[in-house]
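> What follows is final_23.pdb; its format and atoms are PDB, C-alpha atoms.
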```pdb
ATOM      1  CA  MET A   1      46.911 -28.111 -17.818
ATOM      2  CA  ALA A   2      49.557 -30.490 -16.537
ATOM      3  CA  ASN A   3      53.093 -29.490 -17.382
ATOM      4  CA  PHE A   4      54.282 -32.700 -19.035
ATOM      5  CA  PRO A   5      57.933 -32.915 -20.061
ATOM      6  CA  LYS A   6      58.491 -32.341 -23.761
ATOM      7  CA  ILE A   7      59.980 -35.133 -25.812
ATOM      8  CA  ARG A   8      63.339 -34.076 -27.168
ATOM      9  CA  PRO A   9      64.556 -35.220 -30.599
ATOM     10  CA  ILE A  10      66.953 -38.137 -30.334
ATOM     11  CA  GLU A  11      69.624 -35.859 -31.808
ATOM     12  CA  GLN A  12      69.517 -34.019 -28.481
ATOM     13  CA  GLN A  13      69.604 -37.200 -26.399
ATOM     14  CA  PHE A  14      72.317 -39.426 -27.861
ATOM     15  CA  GLU A  15      75.695 -39.195 -29.515
ATOM     16  CA  ASN A  16      75.905 -39.507 -33.298
ATOM     17  CA  GLU A  17      77.063 -43.136 -33.343
ATOM     18  CA  LYS A  18      74.032 -44.228 -31.314
ATOM     19  CA  ILE A  19      71.661 -42.154 -33.465
ATOM     20  CA  ILE A  20      72.929 -43.909 -36.602
ATOM     21  CA  LYS A  21      72.331 -47.266 -34.925
ATOM     22  CA  ILE A  22      68.822 -46.259 -33.836
ATOM     23  CA  ARG A  23      67.932 -45.168 -37.381
ATOM     24  CA  GLU A  24      69.121 -48.487 -38.800
ATOM     25  CA  ILE A  25      67.109 -50.447 -36.226
ATOM     26  CA  GLN A  26      64.032 -48.363 -37.055
ATOM     27  CA  ARG A  27      64.493 -49.169 -40.758
ATOM     28  CA  GLN A  28      64.781 -52.874 -39.974
ATOM     29  CA  PHE A  29      61.603 -52.925 -37.906
ATOM     30  CA  GLN A  30      59.825 -50.904 -40.591
ATOM     31  CA  SER A  31      60.836 -53.501 -43.200
ATOM     32  CA  LEU A  32      58.968 -56.290 -41.389
ATOM     33  CA  ARG A  33      55.891 -57.364 -43.339
ATOM     34  CA  PHE A  34      53.456 -59.385 -41.268
ATOM     35  CA  GLN A  35      50.617 -61.039 -43.196
ATOM     36  CA  THR A  36      48.278 -61.101 -40.224
ATOM     37  CA  GLY A  37      47.962 -60.492 -36.490
ATOM     38  CA  ALA A  38      49.171 -57.688 -34.230
ATOM     39  CA  GLY A  39      52.760 -57.640 -35.492
ATOM     40  CA  PRO A  40      52.441 -54.402 -37.518
ATOM     41  CA  TYR A  41      51.099 -52.523 -34.499
ATOM     42  CA  TYR A  42      53.992 -53.667 -32.305
ATOM     43  CA  THR A  43      56.584 -52.717 -34.920
ATOM     44  CA  LYS A  44      55.126 -49.212 -35.253
ATOM     45  CA  GLU A  45      55.252 -48.823 -31.476
ATOM     46  CA  VAL A  46      58.919 -49.869 -31.340
ATOM     47  CA  ILE A  47      59.773 -47.331 -34.046
ATOM     48  CA  LYS A  48      57.895 -44.546 -32.261
ATOM     49  CA  CYS A  49      59.473 -45.387 -28.893
ATOM     50  CA  LEU A  50      62.923 -45.173 -30.454
ATOM     51  CA  GLU A  51      62.029 -41.875 -32.127
ATOM     52  CA  ALA A  52      61.248 -40.479 -28.676
ATOM     53  CA  GLY A  53      64.404 -41.972 -27.152
ATOM     54  CA  LEU A  54      62.329 -44.219 -24.871
ATOM     55  CA  LEU A  55      64.695 -47.168 -24.701
ATOM     56  CA  LEU A  56      62.909 -48.996 -21.886
ATOM     57  CA  ALA A  57      59.582 -48.734 -23.712
ATOM     58  CA  ALA A  58      61.126 -49.870 -27.007
ATOM     59  CA  LEU A  59      62.665 -52.884 -25.303
ATOM     60  CA  GLN A  60      59.398 -53.805 -23.586
ATOM     61  CA  VAL A  61      57.422 -53.657 -26.821
ATOM     62  CA  ALA A  62      60.080 -55.435 -28.894
ATOM     63  CA  THR A  63      60.415 -58.345 -26.467
ATOM     64  CA  ALA A  64      56.626 -58.676 -26.370
ATOM     65  CA  LEU A  65      56.696 -58.811 -30.173
ATOM     66  CA  LEU A  66      59.364 -61.518 -29.983
ATOM     67  CA  GLU A  67      57.155 -63.592 -27.697
ATOM     68  CA  LEU A  68      54.164 -63.100 -30.000
ATOM     69  CA  PHE A  69      56.191 -64.072 -33.071
ATOM     70  CA  VAL A  70      57.583 -67.223 -31.459
ATOM     71  CA  ARG A  71      54.055 -68.358 -30.612
ATOM     72  CA  ASP A  72      53.031 -67.693 -34.209
ATOM     73  CA  LEU A  73      55.932 -69.823 -35.439
ATOM     74  CA  LEU A  74      54.663 -72.710 -33.342
ATOM     75  CA  ILE A  75      51.057 -72.233 -34.466
ATOM     76  CA  ILE A  76      52.134 -72.295 -38.113
ATOM     77  CA  GLU A  77      54.165 -75.466 -37.624
ATOM     78  CA  ILE A  78      51.207 -77.156 -35.938
ATOM     79  CA  TYR A  79      49.055 -75.988 -38.829
ATOM     80  CA  LYS A  80      51.471 -77.494 -41.389
ATOM     81  CA  LYS A  81      51.711 -80.816 -39.540
ATOM     82  CA  GLU A  82      48.078 -81.358 -38.598
ATOM     83  CA  PHE A  83      46.303 -79.727 -41.531
ATOM     84  CA  PRO A  84      48.491 -80.376 -44.610
ATOM     85  CA  GLU A  85      45.504 -80.260 -46.968
ATOM     86  CA  GLY A  86      44.185 -76.984 -45.606
ATOM     87  CA  LEU A  87      41.475 -76.192 -43.078
ATOM     88  CA  THR A  88      37.849 -77.237 -42.989
ATOM     89  CA  SER A  89      35.369 -75.354 -40.786
ATOM     90  CA  SER A  90      35.853 -77.895 -37.976
ATOM     91  CA  ASP A  91      39.637 -77.670 -38.372
ATOM     92  CA  TYR A  92      39.470 -73.928 -37.769
ATOM     93  CA  ARG A  93      37.904 -74.660 -34.394
ATOM     94  CA  LYS A  94      40.685 -77.134 -33.578
ATOM     95  CA  LEU A  95      43.348 -74.640 -34.548
ATOM     96  CA  GLY A  96      41.562 -71.984 -32.506
ATOM     97  CA  LYS A  97      41.719 -74.279 -29.462
ATOM     98  CA  ILE A  98      45.466 -74.767 -29.986
ATOM     99  CA  GLU A  99      45.998 -71.005 -30.259
ATOM    100  CA  LYS A 100      43.999 -70.473 -27.068
ATOM    101  CA  ASP A 101      46.069 -73.063 -25.164
ATOM    102  CA  ILE A 102      49.265 -71.368 -26.324
ATOM    103  CA  GLU A 103      48.111 -67.892 -25.317
ATOM    104  CA  ASP A 104      46.651 -69.100 -22.007
ATOM    105  CA  GLY A 105      50.084 -70.330 -20.926
ATOM    106  CA  HIS A 106      49.533 -74.086 -20.973
ATOM    107  CA  PRO A 107      52.761 -75.642 -19.578
ATOM    108  CA  ARG A 108      53.454 -77.307 -22.908
ATOM    109  CA  PHE A 109      53.617 -73.858 -24.453
ATOM    110  CA  TYR A 110      55.993 -72.023 -22.110
ATOM    111  CA  PHE A 111      58.442 -69.901 -24.068
ATOM    112  CA  ASN A 112      61.492 -72.085 -23.441
ATOM    113  CA  LYS A 113      59.599 -75.239 -24.402
ATOM    114  CA  ILE A 114      58.298 -73.633 -27.574
ATOM    115  CA  ILE A 115      61.717 -72.523 -28.802
ATOM    116  CA  SER A 116      63.277 -75.862 -27.803
ATOM    117  CA  GLU A 117      60.644 -77.669 -29.851
ATOM    118  CA  LEU A 118      61.172 -75.326 -32.789
ATOM    119  CA  ALA A 119      64.936 -75.910 -32.658
ATOM    120  CA  LYS A 120      64.507 -79.684 -32.323
ATOM    121  CA  ASP A 121      62.333 -79.687 -35.458
ATOM    122  CA  ASN A 122      64.884 -77.493 -37.270
ATOM    123  CA  ILE A 123      62.371 -74.678 -37.639
ATOM    124  CA  ILE A 124      64.894 -72.325 -36.057
ATOM    125  CA  LYS A 125      68.631 -72.756 -35.636
ATOM    126  CA  GLU A 126      70.012 -73.735 -32.244
ATOM    127  CA  GLN A 127      72.180 -70.616 -32.090
ATOM    128  CA  ASP A 128      69.066 -68.500 -32.643
ATOM    129  CA  ARG A 129      67.256 -70.398 -29.907
ATOM    130  CA  GLU A 130      70.089 -69.587 -27.511
ATOM    131  CA  LYS A 131      70.039 -65.899 -28.437
ATOM    132  CA  ILE A 132      66.301 -65.375 -28.023
ATOM    133  CA  TYR A 133      66.227 -67.414 -24.828
ATOM    134  CA  SER A 134      68.871 -65.052 -23.459
ATOM    135  CA  VAL A 135      66.663 -62.104 -24.443
ATOM    136  CA  TYR A 136      63.656 -63.701 -22.787
ATOM    137  CA  LYS A 137      65.447 -64.680 -19.575
ATOM    138  CA  ASN A 138      67.673 -61.636 -19.089
ATOM    139  CA  VAL A 139      65.471 -58.877 -20.516
ATOM    140  CA  ARG A 140      61.851 -59.817 -21.070
ATOM    141  CA  ILE A 141      61.187 -61.440 -17.675
ATOM    142  CA  PRO A 142      62.915 -58.936 -15.353
ATOM    143  CA  LEU A 143      61.646 -55.840 -17.159
ATOM    144  CA  HIS A 144      58.104 -57.133 -17.588
ATOM    145  CA  HIS A 145      57.863 -58.009 -13.892
ATOM    146  CA  GLY A 146      59.624 -54.902 -12.604
ATOM    147  CA  LEU A 147      62.646 -56.837 -11.345
ATOM    148  CA  THR A 148      64.969 -53.911 -11.882
ATOM    149  CA  ARG A 149      67.681 -55.104  -9.491
ATOM    150  CA  ARG A 150      67.996 -58.343 -11.398
ATOM    151  CA  PHE A 151      68.223 -56.502 -14.701
ATOM    152  CA  VAL A 152      70.818 -54.001 -13.446
ATOM    153  CA  ARG A 153      72.848 -56.764 -11.797
ATOM    154  CA  LEU A 154      73.022 -58.758 -15.030
ATOM    155  CA  PHE A 155      74.468 -55.909 -17.049
ATOM    156  CA  SER A 156      76.479 -53.803 -14.638
ATOM    157  CA  LYS A 157      79.239 -54.076 -12.060
ATOM    158  CA  VAL A 158      77.016 -52.635  -9.338
ATOM    159  CA  GLU A 159      76.752 -54.881  -6.296
ATOM    160  CA  ILE A 160      73.137 -55.263  -5.267
ATOM    161  CA  ASP A 161      71.789 -57.055  -2.225
ATOM    162  CA  ASP A 162      69.668 -59.885  -3.622
ATOM    163  CA  GLU A 163      67.598 -60.980  -0.628
ATOM    164  CA  ASN A 164      64.502 -61.148  -2.811
ATOM    165  CA  ASP A 165      63.136 -60.070  -6.163
ATOM    166  CA  ASP A 166      60.084 -58.141  -5.020
ATOM    167  CA  PRO A 167      59.221 -55.484  -7.649
ATOM    168  CA  LEU A 168      58.211 -52.865  -5.054
ATOM    169  CA  VAL A 169      61.402 -53.384  -3.070
ATOM    170  CA  ASP A 170      63.361 -53.174  -6.329
ATOM    171  CA  THR A 171      61.821 -49.811  -7.164
ATOM    172  CA  ILE A 172      62.342 -48.363  -3.682
ATOM    173  CA  PHE A 173      65.904 -49.672  -3.524
ATOM    174  CA  LEU A 174      66.872 -48.113  -6.830
ATOM    175  CA  ARG A 175      65.247 -44.791  -5.991
ATOM    176  CA  LYS A 176      66.763 -44.485  -2.509
ATOM    177  CA  SER A 177      70.235 -45.473  -3.554
ATOM    178  CA  GLY A 178      70.240 -43.320  -6.663
ATOM    179  CA  ARG A 179      70.595 -46.403  -8.776
ATOM    180  CA  ASP A 180      67.826 -45.421 -11.128
ATOM    181  CA  HIS A 181      70.830 -43.835 -12.840
ATOM    182  CA  ASP A 182      72.372 -47.306 -13.088
ATOM    183  CA  LEU A 183      69.184 -48.595 -14.727
ATOM    184  CA  GLU A 184      69.314 -45.776 -17.277
ATOM    185  CA  GLU A 185      72.968 -46.468 -17.957
ATOM    186  CA  VAL A 186      72.372 -50.187 -18.405
ATOM    187  CA  LEU A 187      69.510 -49.484 -20.803
ATOM    188  CA  GLU A 188      71.608 -47.071 -22.848
ATOM    189  CA  ASP A 189      74.475 -49.556 -23.029
ATOM    190  CA  ASN A 190      72.439 -52.655 -23.922
ATOM    191  CA  THR A 191      69.034 -51.851 -25.424
ATOM    192  CA  LEU A 192      70.089 -51.400 -29.032
ATOM    193  CA  ASN A 193      72.049 -54.654 -29.114
ATOM    194  CA  TYR A 194      69.038 -56.571 -27.835
ATOM    195  CA  LEU A 195      66.725 -54.858 -30.302
ATOM    196  CA  ILE A 196      69.052 -56.009 -33.079
ATOM    197  CA  ILE A 197      68.808 -59.609 -31.857
ATOM    198  CA  VAL A 198      65.007 -59.396 -31.848
ATOM    199  CA  VAL A 199      64.602 -57.816 -35.277
ATOM    200  CA  ASP A 200      67.266 -60.058 -36.866
ATOM    201  CA  PHE A 201      65.450 -63.141 -35.585
ATOM    202  CA  ILE A 202      62.079 -61.989 -36.910
ATOM    203  CA  MET A 203      63.556 -60.940 -40.268
ATOM    204  CA  ARG A 204      65.148 -64.370 -40.641
ATOM    205  CA  TYR A 205      62.000 -66.418 -40.031
ATOM    206  CA  LEU A 206      59.137 -64.126 -41.046
ATOM    207  CA  PRO A 207      59.276 -64.869 -44.813
ATOM    208  CA  ALA A 208      58.592 -68.580 -44.221
ATOM    209  CA  THR A 209      55.593 -67.836 -42.009
ATOM    210  CA  ASN A 210      54.184 -65.386 -44.543
ATOM    211  CA  GLU A 211      54.548 -67.997 -47.280
ATOM    212  CA  VAL A 212      52.378 -70.423 -45.311
ATOM    213  CA  LEU A 213      49.783 -67.779 -44.473
ATOM    214  CA  SER A 214      49.506 -66.629 -48.076
ATOM    215  CA  ASN A 215      48.695 -70.127 -49.386
TER     216      ASN A 215
END
```
Rewrite the coordinates I just gave you, this time as structure tokens.

Amino acid sequence: MANFPKIRPIEQQFENEKIIKIREIQRQFQSLRFQTGAGPYYTKEVIKCLEAGLLLAALQVATALLELFVRDLLIIEIYKKEFPEGLTSSDYRKLGKIEKDIEDGHPRFYFNKIISELAKDNIIKEQDREKIYSVYKNVRIPLHHGLTRRFVRLFSKVEIDDENDDPLVDTIFLRKSGRDHDLEEVLEDNTLNYLIIVVDFIMRYLPATNEVLSN
């Protein structure tokens, strides 16, 4: 059998102050109550990643959950505007088409446009829009696409040659220069703060979405 590394308890990985913070973040994610969709699965994954001390994995899953939740906010607002009396069978097909366009990445439904529209309609506060856009731009995009140099550069004092943002070059560069350590350090210094932004945002706006879905 392969000799896979054993997962150590977080008590053996982090100092006490960080462990307390991780436990609180886990409790906050666990408190989220989604009425429908894949939200519960994502929240369980975030909690489990944190339990294993996998900060990169937790951040990846949490920012994906953020993106999913923002799309759901838009879908619910479209539902409220276009179908105020409820849905007929033909309306379900229309709403399904809207959901498909959003998930297929229609230009109208790019993340920044969605949150700008939500803020303009006072569905979310402008300060919240700014926070989650920062998460999306500085965390979600570079980590999802393997742009590790960009991510490290944003959060550290390390000077990195930025000729291009090729994911393979990023990986090789970090490995050869020993800067995978810098990536780990940046993750340890910043992950929990970004997870707090994500879970705070969802906690703030989830009750309103659940109210609509329960009607």
> Could you list, as an NGL selection string, every residue matched by the PyMOL selection byres ((chain A and resi 62) around 10) in this structure?
:A and (29 or 42-43 or 45-47 or 56-61 or 63-68 or 140 or 194-196 or 198-199)
> Which of these, A:Val152, A:Val70, A:Ala38, A:Ile7, has the shortest distance to Gly53 of chain A once you count all atoms listed in the file?
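Smallest distance to Gly53 of chain A is found for A:Ile7.
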> Would you work out the distance separating atom CA of Gln12 of chain A from atom CA of Gly146 of chain A, expressed in Å to one decimal?
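Calculated distance between atom CA of Gln12 of chain A and atom CA of Gly146 of chain A is 28.0 Å.
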> Need to verify the contact set: Ile132 of chain A, 9 Å, only C-alpha atoms, exclusion of same-chain residues closer than 2 positions in sequence. Can you return it as a PDB file with C-alpha atoms, keeping the file's coordinate frame?

```pdb
ATOM      1  CA  LEU A  66      59.364 -61.518 -29.983  1.00  0.00           C
ATOM      2  CA  ILE A 115      61.717 -72.523 -28.802  1.00  0.00           C
ATOM      3  CA  GLN A 127      72.180 -70.616 -32.090  1.00  0.00           C
ATOM      4  CA  ASP A 128      69.066 -68.500 -32.643  1.00  0.00           C
ATOM      5  CA  ARG A 129      67.256 -70.398 -29.907  1.00  0.00           C
ATOM      6  CA  GLU A 130      70.089 -69.587 -27.511  1.00  0.00           C
ATOM      7  CA  SER A 134      68.871 -65.052 -23.459  1.00  0.00           C
ATOM      8  CA  VAL A 135      66.663 -62.104 -24.443  1.00  0.00           C
ATOM      9  CA  TYR A 136      63.656 -63.701 -22.787  1.00  0.00           C
ATOM     10  CA  LYS A 137      65.447 -64.680 -19.575  1.00  0.00           C
ATOM     11  CA  ILE A 197      68.808 -59.609 -31.857  1.00  0.00           C
ATOM     12  CA  VAL A 198      65.007 -59.396 -31.848  1.00  0.00           C
ATOM     13  CA  PHE A 201      65.450 -63.141 -35.585  1.00  0.00           C
TER      14      PHE A 201
END
```
> Can you tell me, as a PyMOL selection string, which residues sit within 7 Å of (56.0, -72.5, -27.7) in the file's frame, using all atoms listed in the file?
chain A and resi 70-71+74+102+109-115
> Run the PyMOL selection byres ((chain A and resi 19-25) around 9) against the file shown and list the residues it catches, as a ChimeraX atom specification.
/A:10-11,13-18,26-30,47,50-51,192,195-196,199
> Quote the spacing between atom CA of Leu118 of chain A and atom CA of Leu73 of chain A in Å to one decimal place.
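It comes out at 8.0 Å.
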